[in-house]
Amino acid sequence: MLSQHAWIALILFLIAYVIIISEKIHRTKIALMGGILVLFFNIMSQEEAIKSIDFNTIGLLVGMMIIVAITSKTGLFQYMAVKSAKMVGGDPLKILVVFFGLTAICSALLDNVTTVLLFTSVTFAISDLLQINPIPYLITEIIASNIGGTATLIGDPPNIMIGSATGLGFNEFAVNLFVPTFIIGIVTCFILFLLYRKQMNISVQQKQRIMTLEESSFLVDIPLMKKCIAIMCLTIIGFVVHQILHLNSATIAMAGAAVLLIVGRLEPEEVFKEIEWNTIFFFIGLFILVGGLEVTGIISLVAHWAMNVTEGNILLMHVLILWLSAIGSAFVDNIPFVATMIPLIKSMGEIGSIDVTSLWWTLSLGACLGGNGTLIGASANVVVSSLAAAHGRPISFIGYMKVAFPLMIVSILISNIYIYIAYLR
């Protein structure tokens, strides 16, 4: 039986979600108002609300936004855009495929939020040069970032959480998750290729205009660019070894931003105005709204129901966790969902005296890939859609879902087959 506070938290979340989908009011306004109402109705105290905000995500976003903002002043992204376009003869469809692959690889080696921050700037540069709609590229990069991020321990926050709770390392994640994510990546890229092939037609003159451009002419501050590249490389190395250093990824990102501000000799005010504060405050409001579902036990109630339904059947456990994680992550957020599932899976192993190692890979695949389902399913989605709106090319919630949700279902079906072959035969 749900308490009064639980019903209020659920109603507030659903109302906020419906308004966000309708796109009648800016989603940051709705998320913040929803968060305030959670406090107003005493669902959480202010201290609990602050604790529900994932400051590792906020810090990572702000730090990387600063690094990207400074780097964009050097012309590096325009250089990369022209260079990549010329490598494939200025063909926009081939560029889309190249960007899918690069985004997936970088998301596995860095993290998906950092990757989309970097690639979004390049995307707008190249779409301006080709005079084509950037939205197919942006949707492709969102989907690729979440697929690539699934493959490694550091690629997506749910994997970091699972690794921290279980002691599973980088190599174990790569061995168990590389194969399914690689297959899913190939299938998804092929479907996107077919989907967008008719939207990527440009004239021979446009292609020739790209091929005649000299990419080096876009570099306007080479000394600063060298500093940016050096700091970026050090930041990437920091992400790879952050667990060894016992530092969170937000600390690494903020350290890189602070050092670059100093060595770049730029005024903070000049850089800070480039940060997407809409995105930051949207996350703050959303974290509080979801926190209301957590503290009132709604997320835990759903998870416990899922565990009881399986009745100890190991095959049913995998199927239910995979699909529940995917659908739940698409419509709520994979971070609190995974946080709730971790202790439950542990207790399942203890009570049933079973090895639940394969369930961690099931949870990872469901939560990370499920994030592709909607525009608020994962941090990378929110970041890209906010940047797109800031550039005057907003991504429609429903328009994105029409493309991404079916692709997410395909990825979960492939995951289901992989899990059965790898662990259940």
# chains A, B, ... in the order shown; residues from 1 in each chain; ligands from 1
>>> select_by_dssp(residues="range 37-243 of chain A", states="alpha helix (DSSP H)", output="number ranges by chain")
A: 37-40, 46-52, 55-72, 76-87, 92-109, 112-130, 135-149, 157-166, 170-196, 204-212, 222-241
>>> residues_around(residues="Glu294 in chain A", least_positions_apart="5", cutoff="9 Å", atoms="only C-alpha atoms", output="ChimeraX atom specification")
/A:52,299-300,336-337,340
>>> write_last_selection(atoms="N, CA and C atoms", output="PDB file, in the first residue's frame")
ATOM      1  N   SER A  52      20.188  13.570  -2.859  1.00  0.00           N
ATOM      2  CA  SER A  52      19.682  12.844  -4.030  1.00  0.00           C
ATOM      3  C   SER A  52      20.304  13.341  -5.330  1.00  0.00           C
ATOM      4  N   ILE A 299      10.358   3.039  -6.272  1.00  0.00           N
ATOM      5  CA  ILE A 299      11.320   2.289  -7.093  1.00  0.00           C
ATOM      6  C   ILE A 299      11.637   0.945  -6.450  1.00  0.00           C
ATOM      7  N   SER A 300      11.826   0.948  -5.135  1.00  0.00           N
ATOM      8  CA  SER A 300      12.114  -0.302  -4.413  1.00  0.00           C
ATOM      9  C   SER A 300      10.937  -1.269  -4.500  1.00  0.00           C
ATOM     10  N   PRO A 336      19.376   5.850 -10.325  1.00  0.00           N
ATOM     11  CA  PRO A 336      18.663   5.382  -9.124  1.00  0.00           C
ATOM     12  C   PRO A 336      18.136   3.959  -9.269  1.00  0.00           C
ATOM     13  N   PHE A 337      17.772   3.571 -10.491  1.00  0.00           N
ATOM     14  CA  PHE A 337      17.266   2.217 -10.693  1.00  0.00           C
ATOM     15  C   PHE A 337      18.349   1.190 -10.385  1.00  0.00           C
ATOM     16  N   THR A 340      19.087   0.824  -6.721  1.00  0.00           N
ATOM     17  CA  THR A 340      18.102   0.003  -6.020  1.00  0.00           C
ATOM     18  C   THR A 340      18.291  -1.479  -6.311  1.00  0.00           C
TER      19      THR A 340
END
>>> residues_around(residues="range 415-424 of chain A", least_positions_apart="4", cutoff="8 Å", atoms="only C-alpha atoms", output="PyMOL selection string")
chain A and resi 180+315+318-319+322+358+362+365+411
>>> closest_atom_pairs(of="range 279-310 of chain A", to="range 386-392 of chain A", cutoff="10 Å", atoms="only C-alpha atoms", output="Markdown table")
| residue | atom | partner | partner_atom | distance |
| --- | --- | --- | --- | --- |
| A:Thr279 | CA | A:Ser386 | CA | 6.0 |
| A:Ile280 | CA | A:Ser386 | CA | 9.7 |
| A:Phe282 | CA | A:Ser386 | CA | 9.5 |
>>> closest_atom_pairs(of="range 125-218 of chain A", to="range 247-255 of chain A", cutoff="12 Å", atoms="only C-alpha atoms", output="Markdown table")
| residue | atom | partner | partner_atom | distance |
| --- | --- | --- | --- | --- |
| A:Ile154 | CA | A:Ser249 | CA | 9.1 |
| A:Gly155 | CA | A:Ser249 | CA | 11.1 |
| A:Asp156 | CA | A:Ser249 | CA | 11.2 |
| A:Pro157 | CA | A:Ser249 | CA | 10.0 |
| A:Ile160 | CA | A:Ser249 | CA | 10.1 |
| A:Met161 | CA | A:Asn248 | CA | 11.5 |
| A:Ser164 | CA | A:Asn248 | CA | 11.4 |
>>> residues_around(residues="Glu270 in chain A", least_positions_apart="2", cutoff="12 Å", atoms="only C-alpha atoms", output="ChimeraX atom specification")
/A:66,69-70,73,261,264-268,272-275
>>> residues_around(residues="Gly285 in chain A", least_positions_apart="6", cutoff="7 Å", atoms="only C-alpha atoms", output="ChimeraX atom specification")
/A:31-32,34-35
>>> write_last_selection(atoms="C-alpha atoms", output="mmCIF file, in the first residue's frame")
data_model
loop_
_atom_site.group_PDB
_atom_site.id
_atom_site.type_symbol
_atom_site.label_atom_id
_atom_site.label_comp_id
_atom_site.auth_asym_id
_atom_site.auth_seq_id
_atom_site.Cartn_x
_atom_site.Cartn_y
_atom_site.Cartn_z
ATOM 1 C CA ALA A 31 12.119 19.879 -13.564
ATOM 2 C CA LEU A 32 12.993 22.675 -11.132
ATOM 3 C CA GLY A 34 8.850 19.560 -9.736
ATOM 4 C CA GLY A 35 11.858 19.441 -7.436
#
>>> atom_distance(atom1="CA of Leu375 in chain A", atom2="CA of Phe100 in chain A")
17.8 Å
>>> decode(residues="range 208-251 of chain A", atoms="N, CA and C atoms", output="short mmCIF file (atom, residue, chain, number, x, y, z; two decimals), in the first residue's frame")
data_model
loop_
_atom_site.label_atom_id
_atom_site.label_comp_id
_atom_site.auth_asym_id
_atom_site.auth_seq_id
_atom_site.Cartn_x
_atom_site.Cartn_y
_atom_site.Cartn_z
N GLN A 208 32.18 19.40 -53.40
CA GLN A 208 33.41 20.02 -53.92
C GLN A 208 33.85 21.20 -53.06
N ARG A 209 32.86 21.93 -52.54
CA ARG A 209 33.20 23.07 -51.68
C ARG A 209 33.93 22.60 -50.43
N ILE A 210 33.49 21.46 -49.89
CA ILE A 210 34.16 20.89 -48.73
C ILE A 210 35.58 20.46 -49.09
N MET A 211 35.73 19.81 -50.24
CA MET A 211 37.03 19.26 -50.63
C MET A 211 38.06 20.36 -50.93
N THR A 212 37.58 21.56 -51.27
CA THR A 212 38.52 22.65 -51.57
C THR A 212 38.93 23.43 -50.33
N LEU A 213 38.26 23.17 -49.20
CA LEU A 213 38.61 23.89 -47.97
C LEU A 213 39.95 23.42 -47.44
N GLU A 214 40.69 24.33 -46.87
CA GLU A 214 41.97 24.01 -46.21
C GLU A 214 41.72 23.97 -44.70
N GLU A 215 41.74 22.76 -44.13
CA GLU A 215 41.37 22.59 -42.73
C GLU A 215 42.24 23.39 -41.77
N SER A 216 43.52 23.54 -42.10
CA SER A 216 44.44 24.25 -41.20
C SER A 216 44.07 25.73 -41.05
N SER A 217 43.32 26.28 -42.00
CA SER A 217 42.95 27.69 -41.92
C SER A 217 41.95 27.97 -40.80
N PHE A 218 41.32 26.91 -40.29
CA PHE A 218 40.33 27.08 -39.23
C PHE A 218 40.98 27.16 -37.84
N LEU A 219 42.26 26.84 -37.74
CA LEU A 219 42.96 26.90 -36.45
C LEU A 219 43.37 28.34 -36.18
N VAL A 220 42.72 28.95 -35.18
CA VAL A 220 42.93 30.39 -34.92
C VAL A 220 43.85 30.66 -33.74
N ASP A 221 44.10 29.66 -32.91
CA ASP A 221 44.97 29.86 -31.74
C ASP A 221 45.71 28.55 -31.47
N ILE A 222 46.79 28.33 -32.20
CA ILE A 222 47.52 27.06 -32.10
C ILE A 222 48.17 26.87 -30.73
N PRO A 223 48.79 27.90 -30.13
CA PRO A 223 49.36 27.70 -28.78
C PRO A 223 48.32 27.24 -27.76
N LEU A 224 47.14 27.87 -27.77
CA LEU A 224 46.08 27.46 -26.84
C LEU A 224 45.57 26.07 -27.19
N MET A 225 45.50 25.76 -28.49
CA MET A 225 45.05 24.45 -28.92
C MET A 225 45.96 23.34 -28.36
N LYS A 226 47.27 23.57 -28.42
CA LYS A 226 48.22 22.58 -27.90
C LYS A 226 48.02 22.36 -26.41
N LYS A 227 47.75 23.45 -25.69
CA LYS A 227 47.49 23.33 -24.25
C LYS A 227 46.20 22.54 -24.01
N CYS A 228 45.18 22.84 -24.82
CA CYS A 228 43.89 22.14 -24.68
C CYS A 228 44.04 20.65 -24.93
N ILE A 229 44.76 20.30 -25.98
CA ILE A 229 44.97 18.88 -26.32
C ILE A 229 45.73 18.17 -25.21
N ALA A 230 46.75 18.84 -24.68
CA ALA A 230 47.55 18.24 -23.60
C ALA A 230 46.69 17.99 -22.36
N ILE A 231 45.90 19.00 -21.98
CA ILE A 231 45.04 18.87 -20.80
C ILE A 231 43.97 17.82 -21.03
N MET A 232 43.43 17.79 -22.25
CA MET A 232 42.41 16.80 -22.57
C MET A 232 42.97 15.38 -22.47
N CYS A 233 44.18 15.18 -22.98
CA CYS A 233 44.81 13.86 -22.91
C CYS A 233 45.05 13.44 -21.46
N LEU A 234 45.51 14.38 -20.66
CA LEU A 234 45.74 14.09 -19.23
C LEU A 234 44.42 13.78 -18.53
N THR A 235 43.36 14.50 -18.90
CA THR A 235 42.05 14.25 -18.31
C THR A 235 41.55 12.86 -18.69
N ILE A 236 41.75 12.47 -19.95
CA ILE A 236 41.35 11.13 -20.41
C ILE A 236 42.10 10.06 -19.63
N ILE A 237 43.42 10.27 -19.48
CA ILE A 237 44.22 9.31 -18.70
C ILE A 237 43.69 9.23 -17.27
N GLY A 238 43.30 10.39 -16.75
CA GLY A 238 42.73 10.42 -15.40
C GLY A 238 41.46 9.61 -15.30
N PHE A 239 40.60 9.68 -16.33
CA PHE A 239 39.38 8.87 -16.33
C PHE A 239 39.70 7.38 -16.31
N VAL A 240 40.71 6.99 -17.07
CA VAL A 240 41.08 5.57 -17.16
C VAL A 240 41.58 5.04 -15.82
N VAL A 241 42.34 5.87 -15.09
CA VAL A 241 42.99 5.39 -13.85
C VAL A 241 42.36 5.98 -12.59
N HIS A 242 41.15 6.58 -12.73
CA HIS A 242 40.59 7.28 -11.56
C HIS A 242 40.32 6.36 -10.38
N GLN A 243 40.01 5.09 -10.65
CA GLN A 243 39.78 4.17 -9.53
C GLN A 243 41.08 3.86 -8.78
N ILE A 244 42.18 3.75 -9.53
CA ILE A 244 43.48 3.51 -8.90
C ILE A 244 43.86 4.70 -8.02
N LEU A 245 43.50 5.90 -8.51
CA LEU A 245 43.82 7.13 -7.76
C LEU A 245 42.82 7.40 -6.64
N HIS A 246 41.74 6.60 -6.59
CA HIS A 246 40.66 6.80 -5.61
C HIS A 246 40.04 8.19 -5.75
N LEU A 247 39.83 8.60 -7.00
CA LEU A 247 39.20 9.88 -7.29
C LEU A 247 37.99 9.66 -8.19
N ASN A 248 36.94 10.44 -7.97
CA ASN A 248 35.76 10.35 -8.83
C ASN A 248 36.03 11.04 -10.16
N SER A 249 35.26 10.66 -11.18
CA SER A 249 35.45 11.25 -12.50
C SER A 249 35.19 12.75 -12.50
N ALA A 250 34.28 13.21 -11.62
CA ALA A 250 34.02 14.65 -11.52
C ALA A 250 35.26 15.40 -11.05
N THR A 251 35.99 14.81 -10.13
CA THR A 251 37.22 15.44 -9.63
C THR A 251 38.24 15.57 -10.75
#
